[in-house]
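Chemist: Contents of data-v7.pdb (PDB, C-alpha atoms and all ligand atoms):
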ATOM      1  CA  MET A   1     -20.919-225.749 167.752  1.00  0.00           C
ATOM      2  CA  ALA A   2     -21.359-223.959 171.069  1.00  0.00           C
ATOM      3  CA  GLY A   3     -24.629-222.379 172.185  1.00  0.00           C
ATOM      4  CA  ILE A   4     -25.496-218.800 171.326  1.00  0.00           C
ATOM      5  CA  PHE A   5     -25.181-216.161 174.022  1.00  0.00           C
ATOM      6  CA  ILE A   6     -27.627-213.245 173.683  1.00  0.00           C
ATOM      7  CA  THR A   7     -28.068-210.368 176.102  1.00  0.00           C
ATOM      8  CA  LEU A   8     -31.091-208.119 176.451  1.00  0.00           C
ATOM      9  CA  GLU A   9     -30.541-204.547 177.549  1.00  0.00           C
ATOM     10  CA  GLY A  10     -32.685-201.508 178.174  1.00  0.00           C
ATOM     11  CA  ILE A  11     -33.856-199.153 180.882  1.00  0.00           C
ATOM     12  CA  ASP A  12     -36.226-200.346 183.609  1.00  0.00           C
ATOM     13  CA  GLY A  13     -39.627-201.174 182.159  1.00  0.00           C
ATOM     14  CA  ALA A  14     -38.326-201.666 178.603  1.00  0.00           C
ATOM     15  CA  GLY A  15     -39.885-205.143 178.379  1.00  0.00           C
ATOM     16  CA  LYS A  16     -36.758-207.301 178.698  1.00  0.00           C
ATOM     17  CA  SER A  17     -38.459-210.150 180.592  1.00  0.00           C
ATOM     18  CA  THR A  18     -41.357-210.388 178.136  1.00  0.00           C
ATOM     19  CA  GLN A  19     -39.060-210.471 175.123  1.00  0.00           C
ATOM     20  CA  SER A  20     -36.682-212.897 176.825  1.00  0.00           C
ATOM     21  CA  GLY A  21     -39.527-215.418 177.177  1.00  0.00           C
ATOM     22  CA  ARG A  22     -40.562-215.113 173.539  1.00  0.00           C
ATOM     23  CA  LEU A  23     -37.015-215.163 172.294  1.00  0.00           C
ATOM     24  CA  ALA A  24     -36.222-218.322 174.277  1.00  0.00           C
ATOM     25  CA  GLU A  25     -39.078-220.208 172.573  1.00  0.00           C
ATOM     26  CA  TRP A  26     -38.046-218.975 169.147  1.00  0.00           C
ATOM     27  CA  LEU A  27     -34.359-219.750 169.659  1.00  0.00           C
ATOM     28  CA  LYS A  28     -35.053-223.216 170.963  1.00  0.00           C
ATOM     29  CA  GLN A  29     -37.149-224.034 167.910  1.00  0.00           C
ATOM     30  CA  ARG A  30     -34.760-222.523 165.458  1.00  0.00           C
ATOM     31  CA  THR A  31     -31.551-224.096 166.823  1.00  0.00           C
ATOM     32  CA  GLY A  32     -32.951-227.293 168.375  1.00  0.00           C
ATOM     33  CA  ARG A  33     -30.936-226.550 171.518  1.00  0.00           C
ATOM     34  CA  GLU A  34     -31.955-226.096 175.112  1.00  0.00           C
ATOM     35  CA  THR A  35     -32.176-222.392 175.857  1.00  0.00           C
ATOM     36  CA  VAL A  36     -31.449-221.084 179.331  1.00  0.00           C
ATOM     37  CA  ARG A  37     -33.087-217.830 180.445  1.00  0.00           C
ATOM     38  CA  THR A  38     -31.329-215.895 183.126  1.00  0.00           C
ATOM     39  CA  TYR A  39     -30.936-212.350 184.457  1.00  0.00           C
ATOM     40  CA  GLU A  40     -28.795-209.988 186.511  1.00  0.00           C
ATOM     41  CA  PRO A  41     -28.400-209.067 189.246  1.00  0.00           C
ATOM     42  CA  GLY A  42     -28.920-212.249 191.248  1.00  0.00           C
ATOM     43  CA  GLY A  43     -29.658-214.889 188.591  1.00  0.00           C
ATOM     44  CA  TRP A  44     -27.724-217.670 190.328  1.00  0.00           C
ATOM     45  CA  LEU A  45     -28.559-219.975 193.213  1.00  0.00           C
ATOM     46  CA  GLY A  46     -27.989-217.823 196.300  1.00  0.00           C
ATOM     47  CA  GLY A  47     -27.897-214.612 194.260  1.00  0.00           C
ATOM     48  CA  GLU A  48     -31.211-213.326 195.590  1.00  0.00           C
ATOM     49  CA  SER A  49     -29.649-212.061 198.816  1.00  0.00           C
ATOM     50  CA  LEU A  50     -27.003-210.083 196.940  1.00  0.00           C
ATOM     51  CA  ARG A  51     -29.704-208.752 194.600  1.00  0.00           C
ATOM     52  CA  GLY A  52     -31.806-207.706 197.598  1.00  0.00           C
ATOM     53  CA  LEU A  53     -28.873-205.871 199.132  1.00  0.00           C
ATOM     54  CA  MET A  54     -28.053-204.036 195.909  1.00  0.00           C
ATOM     55  CA  LEU A  55     -31.584-202.960 195.083  1.00  0.00           C
ATOM     56  CA  SER A  56     -32.722-202.078 198.600  1.00  0.00           C
ATOM     57  CA  GLY A  57     -32.390-198.662 200.184  1.00  0.00           C
ATOM     58  CA  THR A  58     -28.698-199.081 201.103  1.00  0.00           C
ATOM     59  CA  LYS A  59     -26.775-196.251 199.473  1.00  0.00           C
ATOM     60  CA  PHE A  60     -23.387-197.572 198.383  1.00  0.00           C
ATOM     61  CA  SER A  61     -20.538-195.466 197.107  1.00  0.00           C
ATOM     62  CA  ALA A  62     -20.364-195.514 193.299  1.00  0.00           C
ATOM     63  CA  MET A  63     -17.279-197.744 193.388  1.00  0.00           C
ATOM     64  CA  SER A  64     -18.821-200.264 195.812  1.00  0.00           C
ATOM     65  CA  GLU A  65     -21.908-200.352 193.634  1.00  0.00           C
ATOM     66  CA  LEU A  66     -19.777-201.151 190.583  1.00  0.00           C
ATOM     67  CA  LEU A  67     -17.815-203.871 192.369  1.00  0.00           C
ATOM     68  CA  LEU A  68     -20.975-205.469 193.781  1.00  0.00           C
ATOM     69  CA  PHE A  69     -22.515-205.750 190.309  1.00  0.00           C
ATOM     70  CA  LEU A  70     -19.277-207.264 189.025  1.00  0.00           C
ATOM     71  CA  ALA A  71     -19.079-209.723 191.932  1.00  0.00           C
ATOM     72  CA  ASP A  72     -22.620-210.766 191.148  1.00  0.00           C
ATOM     73  CA  ARG A  73     -21.656-211.248 187.477  1.00  0.00           C
ATOM     74  CA  ALA A  74     -18.567-213.269 188.378  1.00  0.00           C
ATOM     75  CA  GLU A  75     -20.725-215.751 190.318  1.00  0.00           C
ATOM     76  CA  HIS A  76     -23.320-215.784 187.561  1.00  0.00           C
ATOM     77  CA  VAL A  77     -20.642-216.516 184.952  1.00  0.00           C
ATOM     78  CA  ASN A  78     -19.120-219.375 186.917  1.00  0.00           C
ATOM     79  CA  ARG A  79     -22.322-220.962 188.111  1.00  0.00           C
ATOM     80  CA  VAL A  80     -24.757-220.411 185.228  1.00  0.00           C
ATOM     81  CA  ILE A  81     -23.452-218.801 182.036  1.00  0.00           C
ATOM     82  CA  LEU A  82     -20.288-220.802 181.339  1.00  0.00           C
ATOM     83  CA  PRO A  83     -21.672-224.190 182.452  1.00  0.00           C
ATOM     84  CA  SER A  84     -24.728-223.661 180.208  1.00  0.00           C
ATOM     85  CA  LEU A  85     -22.685-222.616 177.171  1.00  0.00           C
ATOM     86  CA  ARG A  86     -20.315-225.557 177.736  1.00  0.00           C
ATOM     87  CA  GLN A  87     -23.307-227.888 177.633  1.00  0.00           C
ATOM     88  CA  ASN A  88     -24.148-226.398 174.223  1.00  0.00           C
ATOM     89  CA  CYS A  89     -27.228-224.603 175.527  1.00  0.00           C
ATOM     90  CA  ASN A  90     -28.153-221.168 174.236  1.00  0.00           C
ATOM     91  CA  VAL A  91     -28.212-218.499 176.934  1.00  0.00           C
ATOM     92  CA  ILE A  92     -30.448-215.427 177.027  1.00  0.00           C
ATOM     93  CA  CYS A  93     -29.472-213.035 179.789  1.00  0.00           C
ATOM     94  CA  GLU A  94     -31.374-209.928 180.865  1.00  0.00           C
ATOM     95  CA  ARG A  95     -28.661-207.333 181.532  1.00  0.00           C
ATOM     96  CA  TRP A  96     -24.906-207.739 181.199  1.00  0.00           C
ATOM     97  CA  ASN A  97     -21.797-205.538 181.014  1.00  0.00           C
ATOM     98  CA  GLU A  98     -23.681-202.837 179.102  1.00  0.00           C
ATOM     99  CA  SER A  99     -26.017-202.364 182.075  1.00  0.00           C
ATOM    100  CA  THR A 100     -22.986-201.666 184.229  1.00  0.00           C
ATOM    101  CA  ILE A 101     -21.600-199.149 181.755  1.00  0.00           C
ATOM    102  CA  ALA A 102     -25.010-197.511 181.273  1.00  0.00           C
ATOM    103  CA  TYR A 103     -25.960-197.260 184.964  1.00  0.00           C
ATOM    104  CA  GLN A 104     -22.693-196.989 186.902  1.00  0.00           C
ATOM    105  CA  ALA A 105     -20.859-194.798 184.352  1.00  0.00           C
ATOM    106  CA  GLY A 106     -23.608-193.183 182.253  1.00  0.00           C
ATOM    107  CA  GLY A 107     -26.037-192.936 185.141  1.00  0.00           C
ATOM    108  CA  HIS A 108     -23.893-192.663 188.247  1.00  0.00           C
ATOM    109  CA  ASP A 109     -20.940-190.696 186.972  1.00  0.00           C
ATOM    110  CA  LEU A 110     -18.083-193.168 187.222  1.00  0.00           C
ATOM    111  CA  ASN A 111     -15.499-192.593 184.518  1.00  0.00           C
ATOM    112  CA  PRO A 112     -16.650-194.711 181.526  1.00  0.00           C
ATOM    113  CA  GLY A 113     -13.077-195.533 180.459  1.00  0.00           C
ATOM    114  CA  HIS A 114     -12.242-196.814 183.957  1.00  0.00           C
ATOM    115  CA  VAL A 115     -15.445-198.852 184.175  1.00  0.00           C
ATOM    116  CA  LYS A 116     -14.768-200.420 180.764  1.00  0.00           C
ATOM    117  CA  ARG A 117     -11.185-201.275 181.763  1.00  0.00           C
ATOM    118  CA  ILE A 118     -12.297-202.909 185.016  1.00  0.00           C
ATOM    119  CA  ILE A 119     -14.951-204.905 183.157  1.00  0.00           C
ATOM    120  CA  SER A 120     -12.450-205.933 180.533  1.00  0.00           C
ATOM    121  CA  ALA A 121     -10.080-207.190 183.250  1.00  0.00           C
ATOM    122  CA  CYS A 122     -12.888-209.457 184.511  1.00  0.00           C
ATOM    123  CA  ASN A 123     -12.758-211.339 181.214  1.00  0.00           C
ATOM    124  CA  PHE A 124     -16.440-212.244 181.205  1.00  0.00           C
ATOM    125  CA  PRO A 125     -17.726-214.080 178.126  1.00  0.00           C
ATOM    126  CA  GLU A 126     -18.625-211.855 175.197  1.00  0.00           C
ATOM    127  CA  PRO A 127     -22.220-212.168 173.948  1.00  0.00           C
ATOM    128  CA  ASN A 128     -22.737-213.160 170.310  1.00  0.00           C
ATOM    129  CA  ILE A 129     -25.527-210.611 170.049  1.00  0.00           C
ATOM    130  CA  LYS A 130     -26.701-207.758 172.276  1.00  0.00           C
ATOM    131  CA  ILE A 131     -30.283-206.550 171.955  1.00  0.00           C
ATOM    132  CA  LEU A 132     -31.197-203.049 173.069  1.00  0.00           C
ATOM    133  CA  LEU A 133     -34.891-202.403 173.711  1.00  0.00           C
ATOM    134  CA  ASP A 134     -34.914-198.670 173.281  1.00  0.00           C
ATOM    135  CA  ILE A 135     -37.972-197.012 174.836  1.00  0.00           C
ATOM    136  CA  PRO A 136     -38.436-193.353 175.709  1.00  0.00           C
ATOM    137  CA  PRO A 137     -37.588-192.758 179.392  1.00  0.00           C
ATOM    138  CA  GLU A 138     -41.001-191.085 179.862  1.00  0.00           C
ATOM    139  CA  THR A 139     -42.735-194.297 178.721  1.00  0.00           C
ATOM    140  CA  ALA A 140     -40.588-196.353 181.079  1.00  0.00           C
ATOM    141  CA  ILE A 141     -41.463-194.158 184.044  1.00  0.00           C
ATOM    142  CA  GLU A 142     -45.153-194.444 183.187  1.00  0.00           C
ATOM    143  CA  ARG A 143     -44.918-198.239 182.969  1.00  0.00           C
ATOM    144  CA  ILE A 144     -43.106-198.759 186.239  1.00  0.00           C
ATOM    145  CA  LYS A 145     -44.971-196.236 188.357  1.00  0.00           C
ATOM    146  CA  SER A 146     -47.456-198.812 189.680  1.00  0.00           C
ATOM    147  CA  ARG A 147     -44.741-201.028 191.212  1.00  0.00           C
ATOM    148  CA  LYS A 148     -42.627-200.423 194.282  1.00  0.00           C
ATOM    149  CA  PRO A 149     -39.489-198.740 192.897  1.00  0.00           C
ATOM    150  CA  ASP A 150     -36.071-200.287 193.514  1.00  0.00           C
ATOM    151  CA  ARG A 151     -33.137-198.043 194.378  1.00  0.00           C
ATOM    152  CA  PHE A 152     -32.467-197.172 190.731  1.00  0.00           C
ATOM    153  CA  GLU A 153     -36.069-196.678 189.666  1.00  0.00           C
ATOM    154  CA  ALA A 154     -36.518-194.329 192.610  1.00  0.00           C
ATOM    155  CA  GLU A 155     -34.094-191.904 190.944  1.00  0.00           C
ATOM    156  CA  GLY A 156     -36.715-191.404 188.237  1.00  0.00           C
ATOM    157  CA  LEU A 157     -36.506-189.630 184.913  1.00  0.00           C
ATOM    158  CA  PRO A 158     -33.069-187.953 185.233  1.00  0.00           C
ATOM    159  CA  LEU A 159     -31.322-191.306 185.753  1.00  0.00           C
ATOM    160  CA  MET A 160     -33.387-193.036 183.049  1.00  0.00           C
ATOM    161  CA  ARG A 161     -32.463-190.316 180.539  1.00  0.00           C
ATOM    162  CA  ARG A 162     -28.736-190.625 181.210  1.00  0.00           C
ATOM    163  CA  VAL A 163     -28.890-194.422 181.076  1.00  0.00           C
ATOM    164  CA  ALA A 164     -30.908-194.416 177.823  1.00  0.00           C
ATOM    165  CA  GLU A 165     -28.400-192.055 176.220  1.00  0.00           C
ATOM    166  CA  SER A 166     -25.475-194.200 177.282  1.00  0.00           C
ATOM    167  CA  TYR A 167     -27.126-197.324 175.838  1.00  0.00           C
ATOM    168  CA  ARG A 168     -27.713-195.571 172.506  1.00  0.00           C
ATOM    169  CA  ARG A 169     -24.075-194.557 172.320  1.00  0.00           C
ATOM    170  CA  MET A 170     -22.965-198.134 172.924  1.00  0.00           C
ATOM    171  CA  ALA A 171     -25.332-199.474 170.283  1.00  0.00           C
ATOM    172  CA  SER A 172     -24.120-197.032 167.667  1.00  0.00           C
ATOM    173  CA  ASP A 173     -20.462-197.709 168.561  1.00  0.00           C
ATOM    174  CA  GLU A 174     -20.938-201.433 167.948  1.00  0.00           C
ATOM    175  CA  PRO A 175     -23.416-201.769 165.085  1.00  0.00           C
ATOM    176  CA  GLY A 176     -22.273-205.287 164.144  1.00  0.00           C
ATOM    177  CA  LYS A 177     -23.039-206.605 167.602  1.00  0.00           C
ATOM    178  CA  PHE A 178     -26.101-204.664 168.721  1.00  0.00           C
ATOM    179  CA  ILE A 179     -29.653-205.075 167.523  1.00  0.00           C
ATOM    180  CA  ARG A 180     -31.319-201.832 168.622  1.00  0.00           C
ATOM    181  CA  VAL A 181     -35.087-201.899 168.453  1.00  0.00           C
ATOM    182  CA  ASP A 182     -36.843-198.570 168.628  1.00  0.00           C
ATOM    183  CA  CYS A 183     -39.860-199.727 170.659  1.00  0.00           C
ATOM    184  CA  ASP A 184     -41.657-196.372 170.738  1.00  0.00           C
ATOM    185  CA  GLY A 185     -45.293-196.967 169.839  1.00  0.00           C
ATOM    186  CA  MET A 186     -44.717-200.648 169.094  1.00  0.00           C
ATOM    187  CA  THR A 187     -46.713-203.569 170.486  1.00  0.00           C
ATOM    188  CA  GLU A 188     -45.044-206.531 172.173  1.00  0.00           C
ATOM    189  CA  ASP A 189     -45.580-208.494 168.949  1.00  0.00           C
ATOM    190  CA  ASP A 190     -44.049-205.777 166.783  1.00  0.00           C
ATOM    191  CA  VAL A 191     -40.985-205.674 169.006  1.00  0.00           C
ATOM    192  CA  PHE A 192     -40.593-209.428 168.874  1.00  0.00           C
ATOM    193  CA  GLN A 193     -40.963-209.505 165.089  1.00  0.00           C
ATOM    194  CA  ALA A 194     -38.324-206.795 164.801  1.00  0.00           C
ATOM    195  CA  ILE A 195     -35.930-208.832 166.953  1.00  0.00           C
ATOM    196  CA  ALA A 196     -36.620-212.124 165.164  1.00  0.00           C
ATOM    197  CA  SER A 197     -36.242-210.682 161.678  1.00  0.00           C
ATOM    198  CA  ARG A 198     -32.863-209.184 162.568  1.00  0.00           C
ATOM    199  CA  LEU A 199     -31.709-212.347 164.354  1.00  0.00           C
ATOM    200  CA  GLU A 200     -32.457-214.526 161.343  1.00  0.00           C
ATOM    201  CA  ALA A 201     -29.292-213.193 159.769  1.00  0.00           C
ATOM    202  CA  PHE A 202     -27.201-214.570 162.650  1.00  0.00           C
ATOM    203  CA  VAL A 203     -28.976-217.714 163.869  1.00  0.00           C
TER     204      VAL A 203
HETATM  205  P1  LIG B   1     -33.658-205.439 186.831  1.00  0.00           P
HETATM  206  O1  LIG B   1     -34.027-206.537 187.718  1.00  0.00           O
HETATM  207  O2  LIG B   1     -33.341-205.790 185.413  1.00  0.00           O
HETATM  208  O3  LIG B   1     -34.788-204.364 186.863  1.00  0.00           O
HETATM  209  P2  LIG B   1     -36.013-204.276 185.876  1.00  0.00           P
HETATM  210  O4  LIG B   1     -36.632-205.636 185.861  1.00  0.00           O
HETATM  211  O5  LIG B   1     -36.809-203.230 186.529  1.00  0.00           O
HETATM  212  O6  LIG B   1     -35.465-203.859 184.546  1.00  0.00           O
HETATM  213  O7  LIG B   1     -32.393-204.665 187.380  1.00  0.00           O
HETATM  214  C1  LIG B   1     -32.413-204.064 188.618  1.00  0.00           C
HETATM  215  C2  LIG B   1     -31.654-202.781 188.612  1.00  0.00           C
HETATM  216  O8  LIG B   1     -30.246-203.026 188.650  1.00  0.00           O
HETATM  217  C3  LIG B   1     -31.916-201.913 187.413  1.00  0.00           C
HETATM  218  O9  LIG B   1     -32.475-200.699 187.867  1.00  0.00           O
HETATM  219  C4  LIG B   1     -30.557-201.647 186.826  1.00  0.00           C
HETATM  220  C5  LIG B   1     -29.584-202.029 187.904  1.00  0.00           C
HETATM  221  N1  LIG B   1     -28.301-202.550 187.386  1.00  0.00           N
HETATM  222  C6  LIG B   1     -27.179-201.737 187.423  1.00  0.00           C
HETATM  223  O10 LIG B   1     -27.263-200.569 187.845  1.00  0.00           O
HETATM  224  N2  LIG B   1     -25.987-202.219 186.983  1.00  0.00           N
HETATM  225  C7  LIG B   1     -25.840-203.489 186.522  1.00  0.00           C
HETATM  226  O11 LIG B   1     -24.707-203.887 186.135  1.00  0.00           O
HETATM  227  C8  LIG B   1     -27.005-204.332 186.502  1.00  0.00           C
HETATM  228  C9  LIG B   1     -26.886-205.752 186.022  1.00  0.00           C
HETATM  229  C10 LIG B   1     -28.215-203.823 186.939  1.00  0.00           C
END
Translate the structure of the given file into C-alpha cells.
Ligand code: TYD
Modeler:
Amino acid sequence: MAGIFITLEGIDGAGKSTQSGRLAEWLKQRTGRETVRTYEPGGWLGGESLRGLMLSGTKFSAMSELLLFLADRAEHVNRVILPSLRQNCNVICERWNESTIAYQAGGHDLNPGHVKRIISACNFPEPNIKILLDIPPETAIERIKSRKPDRFEAEGLPLMRRVAESYRRMASDEPGKFIRVDCDGMTEDDVFQAIASRLEAFV
C-alpha cells in the first residue's frame, strides 16, 4: 500500500509547522512508515531561491504570482512528493493547491474557476486528507506581528480575512476530504488531539 499524503492548510500563523512536526511522529508510529515533512513554497533542493523571490518585496502581476507558485509545486512534486510516495513513505506537506486557491483567487482576486482549471491541468497528486487549521484572522495577525512580514503577511488583516473565508468554503465543499479544526481558544495539544482523533478513522 502506498504512503499517505496529508496537507496542512491555514492562514499565516495558524500553527502548520508545529502540527506538522507532531503529526509526523504520530503517523510514523501508527503506520510504521517513514514520514517525510515538507512545505511550500520552496520545499525542494534549490527551491529556497524561488521562495525568496516570491516572498520578497517584488510585486508580481496576479497571473505571474499564480504561475510561480505552480512552477514551484511542479518541481516539488517531481523532486520530493512523488519520489517519497513511490518509496511508500507518508508525506505531510504544509500548503498545497488550496493555498493557491485561497491566496491567489480568494485573496488576490483571480477568477477562482480559472485558477482551479489551471491547477487541475497541472495534474498534481491529490492528497488523501487535507487539514485546515482555522484560526481567527485577528489571532493570526497578533501571532505574526513580532516577525518580519513576508509580502503576503504585509497585506495584513484584509488579506487574511479573504483567505480564511476562502479556506472555509473549500472545507465545507469537500467535507469527506477536509478535517477542519476550529483552533480558536485551543492549545497546541488540543489542536493535535482534535486532528489525531479525526485521523484515526482514516489511518
Ligand atoms: P509559508 O511559508 O507557509 O508562510 P507561513 O509559515 O507564514 O504560514 O508561506 C509563505 C506565503 O506564501 C504565505 O503567506 C502564503 C503564500 N502562498 C501563496 O500565496 N500561494 C501558494 O500557493 C502558496 C503555497 C503559498
Chemist: Run the PyMOL selection byres (((chain A and resi 88-93) around 8) and not hetatm) mentally over the shown coordinates, then write out the matched residues as a PyMOL selection string, using the chain letters and numbers from the document.
Modeler: chain A and resi 1-8+20+24+27-28+33-40+81+84-87+94-96
Chemist: As a PyMOL selection string, please: every protein or nucleic acid residue near ligand LIG 1 (chain B) (cut-off 8 Å, counting all atoms listed in the file).
Modeler: chain A and resi 10-17+39-41+54-55+65-66+69-70+73+94-104+144+150-153
Chemist: If you keep C-alpha atoms, can you produce a file of those selected residues as a compact mmCIF listing (two decimals), keeping the file's coordinate frame?
Modeler:
# COMPACT_ATOMS: atom_id res chain seq x y z
CA GLY A 10 -32.68 -201.51 178.17
CA ILE A 11 -33.86 -199.15 180.88
CA ASP A 12 -36.23 -200.35 183.61
CA GLY A 13 -39.63 -201.17 182.16
CA ALA A 14 -38.33 -201.67 178.60
CA GLY A 15 -39.88 -205.14 178.38
CA LYS A 16 -36.76 -207.30 178.70
CA SER A 17 -38.46 -210.15 180.59
CA TYR A 39 -30.94 -212.35 184.46
CA GLU A 40 -28.80 -209.99 186.51
CA PRO A 41 -28.40 -209.07 189.25
CA MET A 54 -28.05 -204.04 195.91
CA LEU A 55 -31.58 -202.96 195.08
CA GLU A 65 -21.91 -200.35 193.63
CA LEU A 66 -19.78 -201.15 190.58
CA PHE A 69 -22.52 -205.75 190.31
CA LEU A 70 -19.28 -207.26 189.02
CA ARG A 73 -21.66 -211.25 187.48
CA GLU A 94 -31.37 -209.93 180.86
CA ARG A 95 -28.66 -207.33 181.53
CA TRP A 96 -24.91 -207.74 181.20
CA ASN A 97 -21.80 -205.54 181.01
CA GLU A 98 -23.68 -202.84 179.10
CA SER A 99 -26.02 -202.36 182.08
CA THR A 100 -22.99 -201.67 184.23
CA ILE A 101 -21.60 -199.15 181.76
CA ALA A 102 -25.01 -197.51 181.27
CA TYR A 103 -25.96 -197.26 184.96
CA GLN A 104 -22.69 -196.99 186.90
CA ILE A 144 -43.11 -198.76 186.24
CA ASP A 150 -36.07 -200.29 193.51
CA ARG A 151 -33.14 -198.04 194.38
CA PHE A 152 -32.47 -197.17 190.73
CA GLU A 153 -36.07 -196.68 189.67
Chemist: Which value, in Å to one decimal, gives the distance between CA of Gly32 in chain A and CA of Val203 in chain A?
Modeler: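 Atom-to-atom, CA of Gly32 in chain A to CA of Val203 in chain A, that is 11.3 Å.
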Chemist: Go ahead and find all residues with at least one atom no further than 12 Å from (-42.3, -204.5, 168.9) in the file's coordinates, using all atoms listed in the file; report them as number ranges by chain.
Modeler: A: 14-16, 18-19, 22, 132-135, 180-197
Chemist: Please dump the current selection as a PDB file, in the frame of the given file; keep C-alpha atoms.
Modeler:
ATOM      1  CA  ALA A  14     -38.326-201.666 178.603  1.00  0.00           C
ATOM      2  CA  GLY A  15     -39.885-205.143 178.379  1.00  0.00           C
ATOM      3  CA  LYS A  16     -36.758-207.301 178.698  1.00  0.00           C
ATOM      4  CA  THR A  18     -41.357-210.388 178.136  1.00  0.00           C
ATOM      5  CA  GLN A  19     -39.060-210.471 175.123  1.00  0.00           C
ATOM      6  CA  ARG A  22     -40.562-215.113 173.539  1.00  0.00           C
ATOM      7  CA  LEU A 132     -31.197-203.049 173.069  1.00  0.00           C
ATOM      8  CA  LEU A 133     -34.891-202.403 173.711  1.00  0.00           C
ATOM      9  CA  ASP A 134     -34.914-198.670 173.281  1.00  0.00           C
ATOM     10  CA  ILE A 135     -37.972-197.012 174.836  1.00  0.00           C
ATOM     11  CA  ARG A 180     -31.319-201.832 168.622  1.00  0.00           C
ATOM     12  CA  VAL A 181     -35.087-201.899 168.453  1.00  0.00           C
ATOM     13  CA  ASP A 182     -36.843-198.570 168.628  1.00  0.00           C
ATOM     14  CA  CYS A 183     -39.860-199.727 170.659  1.00  0.00           C
ATOM     15  CA  ASP A 184     -41.657-196.372 170.738  1.00  0.00           C
ATOM     16  CA  GLY A 185     -45.293-196.967 169.839  1.00  0.00           C
ATOM     17  CA  MET A 186     -44.717-200.648 169.094  1.00  0.00           C
ATOM     18  CA  THR A 187     -46.713-203.569 170.486  1.00  0.00           C
ATOM     19  CA  GLU A 188     -45.044-206.531 172.173  1.00  0.00           C
ATOM     20  CA  ASP A 189     -45.580-208.494 168.949  1.00  0.00           C
ATOM     21  CA  ASP A 190     -44.049-205.777 166.783  1.00  0.00           C
ATOM     22  CA  VAL A 191     -40.985-205.674 169.006  1.00  0.00           C
ATOM     23  CA  PHE A 192     -40.593-209.428 168.874  1.00  0.00           C
ATOM     24  CA  GLN A 193     -40.963-209.505 165.089  1.00  0.00           C
ATOM     25  CA  ALA A 194     -38.324-206.795 164.801  1.00  0.00           C
ATOM     26  CA  ILE A 195     -35.930-208.832 166.953  1.00  0.00           C
ATOM     27  CA  ALA A 196     -36.620-212.124 165.164  1.00  0.00           C
ATOM     28  CA  SER A 197     -36.242-210.682 161.678  1.00  0.00           C
TER      29      SER A 197
END
Chemist: Taking into account all atoms listed in the file, which residue in the set A:Gly21, A:Gly46, A:Pro125, A:Gly57 is nearest to Pro149 in chain A?
Modeler: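 That would be A:Gly57, the residue with the smallest distance to Pro149 in chain A.
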Chemist: Suppose a student applies the PyMOL selection byres (((chain A and resi 108) around 9) and not hetatm) to this structure; what residues should they get, written as a PyMOL selection string?
Modeler: chain A and resi 62+102-107+109-110+159+162-163
Chemist: Please report the interatomic distance between CA of Thr58 in chain A and CA of Phe124 in chain A in Å with one decimal.
Modeler: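 Atom-to-atom, CA of Thr58 in chain A and CA of Phe124 in chain A are spaced 26.8 Å apart.
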Chemist: Just to confirm, what's the straight-line distance from CA of Asp173 in chain A to CA of Ser120 in chain A in Å (one decimal)?
Modeler: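 For CA of Asp173 in chain A relative to CA of Ser120 in chain A, the distance reads 16.6 Å.
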Chemist: Ranking A:Ala71, A:Leu199, A:Leu157, A:Pro112 by minimum distance to Arg30 in chain A and counting all atoms listed in the file, which one comes first?
Modeler: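 Once distances to Arg30 in chain A are computed over all atoms listed in the file, the minimum belongs to A:Leu199.
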Chemist: So, counting all atoms listed in the file, which residue among A:Arg168, A:Gly52, A:Met63, A:Trp26 is closest to His114 in chain A?
Modeler: A:Met63
